[in-house]
Amino acid sequence: MSLLQSVQQEVIERLGNLSITARQAVESVLAGQHRSVRRGLSVEFAGHREYQPGDDLRRLDWLVWARSDRYDIRQYEEETKLRAAIVLDTSGSMGYASGAQSKLEYARSLAAALGFLMIRQSDAVGLVTCDTAIREFLPPGSTMAHFLNVLAALEKVRPGGETSLSPVIDEIAERLTRRGLVILISDAFDDPEAFLKSIQHLRHRKQEVRLFQILDSQEQSFPFRGMIEFVGLEHEPPLKLDGDRIRAHYQGVFEQHQGRLRSGCHAAGVQLETCLTNEELFTVLIRALGLR
Amino acid sequence: MIDFLNPILFGGLFAISAPIIIHLLHRRKVKRVDWGAMRFLLEMLAKRRRRLFLDELLLLLIRALVIAFIAFAMLRPALHRRNGGGNGTAISRQGRTAAVLLVDDSVSSMAGRAQPAFDAMKKLGVAYLESLAPGDEVSLLLMSQLGAPPSDPVFDIEGLKSYLLALKPSYVATDIPALVDPGLDQLKRHINPGAELVLVTDGRKDGWHEEDKVRWDGLRERLRGPKSAAVGTRQRPQVIALSPASVGFEENLAITAVGMDRTLVSAGRPGGIRVTVSNFGIQDGHEVTVQMTVNGEAAGSNKPIVVPAGGQQEAVFTYTFPEPGSYAVEALLLNHQDLLPADDRRAVSIQVESSLPVLLVDDVASPGLENKLGFLQDALNPETDHPGPFRVTRISLAQLTASILQDYRVVVLGDARVLEPSMVDALERFVVGGGGILVGLGPDTDRELVNRYWARNGEGFLPCPLAEAVTPAISPIPAAMNLGHPVFGGFGAKSDEAWKAAKVRSYFKLDTKKVKASDLDPLLTLDNGDLLVAERRRGLGLVTLIATSLNADWTDLPLQAAYVPLMRGIVGHLGSFIIPPRNLEPGGQIIYARVKDPVKGMRAEDPSGKPLKLSLAAWEGRDAIVSEPLMDPGVYVLHDPNQPKPIHYAVAVSAAESALAPISDREMSRNFEDGLSIFHSPEEAAASLYPDRRLSVELWKWFLLAALGLMFAEAWLTRRQTSLVFGRTVS
């Protein structure tokens with residue numbers, strides 16, 4: 001089954017006509033869902049204001065002048081399209097799988113589902129795949145043909161390389177000139193300080209950011225017993241450790257990382273959604289879209 | 001210093017290695033996992049690598065220590081400190097005392113003028129018991145009760161004192177090493193750390209059996225314990241001897257033996273009853289009168305006797321037993337008082353036979369002097385029409401069956417060519433059950449077969465295997481005989497003369513290497529040093545082997561006058577044993593094996609006429625009536641309703657008990673490698689025993705507490721390291 005088919009099955013059949021929402025108005029307009037702060041050329045009248053030198057004379061309301069001899073400019077509220085960039089982390093750690101699917105496979109499905117939902121409501125969706133650098137960059141587009149390109153790019157991704165999202169996010173922030181939504185899909189196994197700093201960078205660039213953190217349940221519970229040789233997926237040196245003995249210590253470090261991530265996201269106004277690979281995708285979508 | 005009271009459990013310390021082995025095995029089983037979240041492991045290790053390593057070591061150490069402490073607790077370590085009090089002879093008591101009192105209540109402890117030595121021994125024993133403190137435990141072992149099931153130590157010292165004071169001496173013989181050995185075993189039943197082995201003895205030298213070096217060496221080895229063990233611990237007990245001053249030994253006459261002058265006693269024929277009186281004193285004895293009774297009635301006139309110091313004299317009473325049966329013969333000294341009255345009378349049971357049934361197994365059953373056993377038959381029973389003391393039956397080898405043996409007391413094999421294996425087996429059973437076998441050899445003897453089946457490397461019924469048959473150029477003659485042996489009772493003073501013409505032309509050399517020298521009794525030796533007649537006890541019976549022929553084939557012996565008394569002596573001796581024995585030592589039991597059915601009305605009486613308790617038991621695979629132990633010397637009578645006359649049993653004290661010469665302190669101490677504290681008076685003992693200055697503590701409870709504490713620490717550490725939070729989600 002191709003990614004498109006699986007996404008259609010997952011999203012269309014189970015989510016129906018749900019749509020994605022953004023908290024802030026963005027430039028793009030789509031059927032009143034995303035309200036633009038830019039007033040100007042649009043279809044819906046918003047009100048008048050007094051003419052000021054430099055205003056476009058084409059927006060002067062001649063009917064008001066005729067009735068009241070005042071020079072008022074017509075103002076319109078524009079309905080904009082959402083411009084979303086899905087940033088998919090393809091580092092080696094995303095390749096971990098304790099169950100049927102790896103974190104990357106889960107993240108890929110999530111990216112496709114989100115993209116599909118946005119395309120369905122005429123939003124523009126782009127895709128960035130990265131590990132230590134940007135591997136693929138598809139600028140946002142709202143056509144189905146574009147989405148198929150996005151899916152094709154998603155089909156191609158393979159885990160590899162180390163996790164180093166900060167410089168990549170910084171680069172993306174530079175590339176995205178217009179306001180929009182950045183959807184980060186990653187395990188966020190990066191230095192949290194640098195990672196949060198890059199997210200702040202995005203926020204300064206007027207981007208709304210949503211972080212989907214993909215985790216495997218074993219990464220939380222650390223259920224290993226006895227002597228285990230841990231072989232890193234990002235070329236770290238192997239470690240021989242007693243699972244029983246280090247569990248508590250590992251969980252402590254892990255919790256600390258999660259805590260820093262949570263508080264950093266909260267401070268930056270970034271919505272953090274932690275997803276486990278053994279969770280149903282649609283439940284994650286419902287939770288993420290604020291429908292329950 | 002620290003001593004371990006259960007050193008046998010030292011091996012348990014090896015269990016310490018268990019956690020280490022488990023740890024190493026655990027480390028060897030490594031599972032490989034491809035892991036994404038390595039950064040957390042690395043971050044954790046960066047912070048805690050050292051801590052984790054130390055925790056692991058600490059946990060391993062705690063687990064090993066838990067096991068070690070439990071093992072140490074089971075070893076029962078005790079911390080001792082010397083009490084530091086007293087003079088050089090003071091007994092250093094270490095903690096609570098475990099004392100085993102070994103009381104030599106043998107017959108010699110009755111010796112004494114004003115009061116028996118046993119009274120003084122009891123006072124010494126009580127003085128020792130008074131030196132003990134509450135919590136000390138004591139066992140009491142009596143010489144008269146050796147062999148009885150062991151009993152547990154007691155803490156009731158007052159009760160034990162009363163019991164000790166009420167004790168009376170017994171009639172058993174002294175055997176100090178035999179008393180010390182179970183005393184050491186008894187110590188193992190005690191739990192207190194300080195161990196004392198207290199020998200309460202009359203100090204009679206003979207009772208120490210110093211000549212028995214094997215037993216003493218073994219005892220010394222046991223007493224020595226490990227080198228590291230302190231004196232006064234259960235590994236190396238303190239040995240104390242409580243021995244009153246000697247009662248003297250200047251005068252003691254004793255009847256040391258009563259017996260017939262021949263091996264086989266026949267009814268209606270006069271025989272000599274020999275009473276041996278010994279003087280164990282240092283003064284020549286005055287004249288004493290020896291009285292002899294048979295079945296309680298005076299037999300013959302009393303005989304006066306004077307025995308010099310250190311010597312012995314025999315009084316011989318001629319007596320004719322009127323008819324076959326069991327007789328009790330008792331001799332006693334009249335008008336005499338000495339240190340030990342208990343040995344002034346002695347009883348013996350004598351079985352008078354009408355005739356001894358003897359089976360001669362010849363190659364061909366023919367009368368007269370022919371064949372292998374003709375001479376022997378004539379020697380035993382010269383007048384075939386008038387049977388003498390031997391009732392001889394002569395059969396051929398072919399007629400010999402296993403069932404026929406039960407009717408005879410002695411079987412003679414004369415140069416038998418071959419025996420069926422089943423017959424060899426039957427003969428072995430016959431002799432083990434109390435029968436006697438005389439084996440003569442000769443030209444028909446097949447040495448290989450005899451060695452393979454009859455001797456079986458010294459395990460068969462033959463006294464020893466045969467070496468080669470020899471025919472020396474100069475025929476040897478018998479030269480040395482064991483004159484003290486009952487077999488030679490019929491030989492006079494000029495016995496050497498009897499053998500001068502008894503040339504032995506051919507004979508088998510005897511291979512005695514495979515038999516213990518003490519097992520083989522050489523009766524007659526040739527002048528070239530080779531054995532001619534040897535005897536060996538097999539089970540309850542006897543076997544005598546003559547290395548040459550019983551007829552004139554290989555020797556002129558049958559043609560000599562000595563042949564008749566020799567053969568009658570041998571055969572009579574072989575058949576003279578009454579099985580089960582009727583002459584017993586104190587502590588022996590009446591065993592009456594001629595029981596076909598449990599007999600109603602069977603009863604027994606002790607010397608005072610009191611009934612004895614009888615019970616049915618097994619003896620040598622047969623039903624038998626067995627009495628309670630017979631402790632007093634004298635004549636005991638068993639009445640079997642199926643027998644016309646009563647059966648007599650005699651209990652006599654050991655003749656060795658009459659030698660009252662004391663052992664010196666030096667000799668006594670030497671037997672215990674100078675590790676012996678000797679006290680001769682209660683005051684001396686009391687002055688040297690310090691009941692109130694014991695400084696010792698057992699450490700096992702502290703080790704257990706430490707182990708318990710470590711277990712809690714282990715649980716806490718494990719819990720800390722192994723937080724079981726499976727499935728916990730990070731919110």
# chains A, B, ... in the order shown; residues from 1 in each chain; ligands from 1

call {"tool": "closest_atom_pairs", "arguments": {"of": "chain A", "to": "chain B", "cutoff": "7 Å", "atoms": "only C-alpha atoms", "output": "CSV"}}
result
residue,atom,partner,partner_atom,distance
A:Ser93,CA,B:Gly36,CA,4.2
A:Met94,CA,B:Gly36,CA,7.0
A:Tyr96,CA,B:Gly36,CA,5.4
A:Glu219,CA,B:Ala37,CA,6.7
A:Gln220,CA,B:Thr729,CA,6.3
A:Ser221,CA,B:Gly727,CA,5.0
A:Pro223,CA,B:Phe726,CA,6.0
A:Met227,CA,B:Val30,CA,4.9
A:Ile228,CA,B:Lys31,CA,4.7
A:Glu229,CA,B:Arg32,CA,4.6
A:Phe230,CA,B:Val33,CA,5.0
A:Val231,CA,B:Asp34,CA,4.7
A:Gly232,CA,B:Trp35,CA,5.1
A:Leu233,CA,B:Gly36,CA,5.4
A:Asp244,CA,B:Thr722,CA,5.1
A:Arg245,CA,B:Gln721,CA,4.7
A:Ile246,CA,B:Gln721,CA,6.4
A:Arg247,CA,B:Thr722,CA,6.3
A:Ala248,CA,B:Ser723,CA,5.4
A:His249,CA,B:Met44,CA,6.5
A:Tyr250,CA,B:Met44,CA,6.2
A:Val253,CA,B:Phe40,CA,6.1
A:Phe254,CA,B:Phe40,CA,6.2
A:Glu255,CA,B:Val730,CA,6.8

call {"tool": "write_last_selection", "arguments": {"atoms": "C-alpha atoms", "output": "compact mmCIF listing (two decimals), in the first residue's frame"}}
result
# COMPACT_ATOMS: atom_id res chain seq x y z
CA SER A 93 17.56 7.85 16.01
CA MET A 94 14.25 8.09 14.12
CA TYR A 96 14.36 2.97 16.17
CA GLU A 219 12.37 4.95 25.10
CA GLN A 220 10.19 5.98 27.99
CA SER A 221 9.85 2.80 29.99
CA PRO A 223 12.17 -2.18 30.01
CA MET A 227 23.22 -7.07 30.53
CA ILE A 228 22.49 -5.26 27.27
CA GLU A 229 24.83 -4.00 24.60
CA PHE A 230 23.29 -0.80 23.29
CA VAL A 231 24.36 -0.02 19.73
CA GLY A 232 23.68 3.56 18.68
CA LEU A 233 21.78 4.32 15.49
CA ASP A 244 17.94 -3.19 35.64
CA ARG A 245 20.58 -1.16 37.31
CA ILE A 246 20.50 1.92 35.04
CA ARG A 247 16.77 2.11 34.44
CA ALA A 248 16.09 4.66 37.10
CA HIS A 249 19.07 6.78 36.07
CA TYR A 250 18.09 6.67 32.41
CA VAL A 253 17.84 11.89 32.42
CA PHE A 254 15.04 11.29 29.95
CA GLU A 255 12.49 13.04 32.17

call {"tool": "residues_around", "arguments": {"residues": "region 577-594 of chain B", "least_positions_apart": "2", "cutoff": "8 Å", "atoms": "only C-alpha atoms", "output": "number ranges by chain"}}
result
B: 144, 171-172, 348-349, 351, 434, 540-541, 573-575, 596, 619, 622-633, 648-654

call {"tool": "closest_residue", "arguments": {"among": "B:Pro193, B:Leu164, B:Glu535, B:Val635", "to": "Gly609 (chain B)", "atoms": "only C-alpha atoms"}}
result
B:Val635

call {"tool": "closest_residue", "arguments": {"among": "A:Ser109, A:Gln256, A:Thr143, A:Gln207", "to": "Val284 (chain A)", "atoms": "only C-alpha atoms"}}
result
A:Ser109

call {"tool": "closest_residue", "arguments": {"among": "A:Ala145, A:Leu261, A:Asp131, A:Glu208", "to": "Ala194 (chain A)", "atoms": "only C-alpha atoms"}}
result
A:Leu261

call {"tool": "residues_around", "arguments": {"residues": "region 16-23 of chain B", "least_positions_apart": "2", "cutoff": "12 Å", "atoms": "only C-alpha atoms", "output": "PyMOL selection string"}}
result
(chain A and resi 226-227+242) or (chain B and resi 10-14+25-29+56-72)

call {"tool": "select_by_dssp", "arguments": {"residues": "region 497-616 of chain B", "states": "helix (DSSP H, G or I)", "output": "compact mmCIF listing (two decimals) with C-alpha atoms, in the first residue's frame"}}
result
# COMPACT_ATOMS: atom_id res chain seq x y z
CA GLU B 497 60.91 -85.88 74.64
CA ALA B 498 57.61 -86.82 73.03
CA TRP B 499 58.59 -85.58 69.56
CA LEU B 557 53.92 -88.81 64.01
CA PRO B 558 51.00 -91.28 64.10
CA LEU B 559 53.44 -93.96 65.12
CA TYR B 563 50.12 -88.50 68.54
CA VAL B 564 47.27 -89.64 70.79
CA PRO B 565 47.35 -86.78 73.36
CA LEU B 566 48.01 -84.28 70.56
CA MET B 567 45.02 -85.36 68.52
CA ARG B 568 42.74 -85.74 71.51
CA GLY B 569 43.86 -82.32 72.69
CA ILE B 570 43.23 -80.72 69.31
CA VAL B 571 39.87 -82.36 68.71
CA GLY B 572 38.80 -81.88 72.31
CA HIS B 573 39.77 -78.21 72.14
CA LEU B 574 37.92 -77.76 68.84

call {"tool": "residues_around", "arguments": {"residues": "Leu545 (chain B)", "least_positions_apart": "2", "cutoff": "8 Å", "atoms": "only C-alpha atoms", "output": "number ranges by chain"}}
result
B: 438-440, 462-463, 533-535, 543, 547

call {"tool": "select_by_dssp", "arguments": {"residues": "region 25-253 of chain B", "states": "strand (DSSP E or B)", "output": "number ranges by chain"}}
result
B: 30-35, 77-81, 91, 97-103, 137-142, 154, 194-200, 204, 233, 236, 238-242, 253

call {"tool": "closest_residue", "arguments": {"among": "A:Gly180, A:Pro238, A:Gly264, A:Gly115", "to": "Leu151 (chain A)", "atoms": "only C-alpha atoms"}}
result
A:Gly115

call {"tool": "decode", "arguments": {"residues": "region 111-144 of chain A", "atoms": "N, CA and C atoms", "output": "short mmCIF file (atom, residue, chain, number, x, y, z; two decimals), in the first residue's frame"}}
result
data_model
loop_
_atom_site.label_atom_id
_atom_site.label_comp_id
_atom_site.auth_asym_id
_atom_site.auth_seq_id
_atom_site.Cartn_x
_atom_site.Cartn_y
_atom_site.Cartn_z
N ALA A 111 3.11 13.05 8.86
CA ALA A 111 3.36 14.18 7.95
C ALA A 111 2.41 14.12 6.75
N ALA A 112 2.25 12.92 6.22
CA ALA A 112 1.37 12.76 5.06
C ALA A 112 -0.07 13.07 5.43
N ALA A 113 -0.48 12.63 6.63
CA ALA A 113 -1.86 12.86 7.05
C ALA A 113 -2.13 14.34 7.23
N LEU A 114 -1.19 15.01 7.90
CA LEU A 114 -1.37 16.45 8.12
C LEU A 114 -1.38 17.19 6.78
N GLY A 115 -0.48 16.80 5.92
CA GLY A 115 -0.41 17.43 4.61
C GLY A 115 -1.69 17.21 3.83
N PHE A 116 -2.18 16.01 3.92
CA PHE A 116 -3.41 15.69 3.18
C PHE A 116 -4.58 16.54 3.66
N LEU A 117 -4.67 16.66 5.01
CA LEU A 117 -5.77 17.46 5.57
C LEU A 117 -5.67 18.91 5.10
N MET A 118 -4.45 19.41 5.07
CA MET A 118 -4.28 20.82 4.70
C MET A 118 -4.56 21.04 3.21
N ILE A 119 -4.12 20.11 2.41
CA ILE A 119 -4.38 20.22 0.97
C ILE A 119 -5.87 20.20 0.71
N ARG A 120 -6.56 19.34 1.50
CA ARG A 120 -8.01 19.22 1.33
C ARG A 120 -8.71 20.53 1.60
N GLN A 121 -8.15 21.35 2.47
CA GLN A 121 -8.82 22.63 2.73
C GLN A 121 -8.07 23.79 2.07
N SER A 122 -7.40 23.39 0.95
CA SER A 122 -6.78 24.38 0.04
C SER A 122 -5.63 25.14 0.65
N ASP A 123 -5.04 24.61 1.76
CA ASP A 123 -3.85 25.24 2.30
C ASP A 123 -2.64 24.78 1.50
N ALA A 124 -1.59 25.58 1.66
CA ALA A 124 -0.35 25.20 0.96
C ALA A 124 0.55 24.44 1.91
N VAL A 125 1.08 23.36 1.43
CA VAL A 125 1.94 22.49 2.26
C VAL A 125 3.30 22.32 1.59
N GLY A 126 4.36 22.52 2.38
CA GLY A 126 5.70 22.23 1.89
C GLY A 126 6.35 21.16 2.74
N LEU A 127 7.45 20.66 2.29
CA LEU A 127 8.11 19.59 3.05
C LEU A 127 9.61 19.85 3.12
N VAL A 128 10.13 19.69 4.33
CA VAL A 128 11.59 19.76 4.49
C VAL A 128 12.01 18.47 5.20
N THR A 129 12.88 17.68 4.60
CA THR A 129 13.45 16.53 5.30
C THR A 129 14.89 16.87 5.64
N CYS A 130 15.30 16.47 6.85
CA CYS A 130 16.63 16.88 7.29
C CYS A 130 17.17 15.95 8.36
N ASP A 131 18.47 15.96 8.52
CA ASP A 131 19.09 15.39 9.73
C ASP A 131 20.10 16.43 10.23
N THR A 132 21.36 16.28 9.76
CA THR A 132 22.31 17.33 10.13
C THR A 132 22.23 18.52 9.16
N ALA A 133 21.56 18.23 8.00
CA ALA A 133 21.38 19.30 6.99
C ALA A 133 20.05 19.05 6.29
N ILE A 134 19.65 20.00 5.52
CA ILE A 134 18.40 19.83 4.78
C ILE A 134 18.65 18.86 3.63
N ARG A 135 17.86 17.80 3.59
CA ARG A 135 18.03 16.81 2.54
C ARG A 135 17.07 17.04 1.38
N GLU A 136 15.90 17.59 1.69
CA GLU A 136 14.88 17.82 0.64
C GLU A 136 14.11 19.07 1.05
N PHE A 137 13.86 19.94 0.10
CA PHE A 137 13.07 21.13 0.41
C PHE A 137 12.03 21.32 -0.68
N LEU A 138 10.76 21.15 -0.29
CA LEU A 138 9.67 21.42 -1.23
C LEU A 138 8.90 22.60 -0.69
N PRO A 139 8.91 23.71 -1.40
CA PRO A 139 8.19 24.88 -0.90
C PRO A 139 6.69 24.61 -0.87
N PRO A 140 5.96 25.34 -0.06
CA PRO A 140 4.52 25.07 0.08
C PRO A 140 3.77 25.22 -1.24
N GLY A 141 2.85 24.37 -1.44
CA GLY A 141 1.98 24.39 -2.60
C GLY A 141 0.64 23.84 -2.21
N SER A 142 -0.44 24.22 -2.90
CA SER A 142 -1.76 23.81 -2.46
C SER A 142 -2.46 22.89 -3.46
N THR A 143 -1.74 22.50 -4.46
CA THR A 143 -2.38 21.62 -5.44
C THR A 143 -2.13 20.16 -5.07
N MET A 144 -3.03 19.34 -5.59
CA MET A 144 -2.90 17.90 -5.32
C MET A 144 -1.64 17.36 -5.98
#
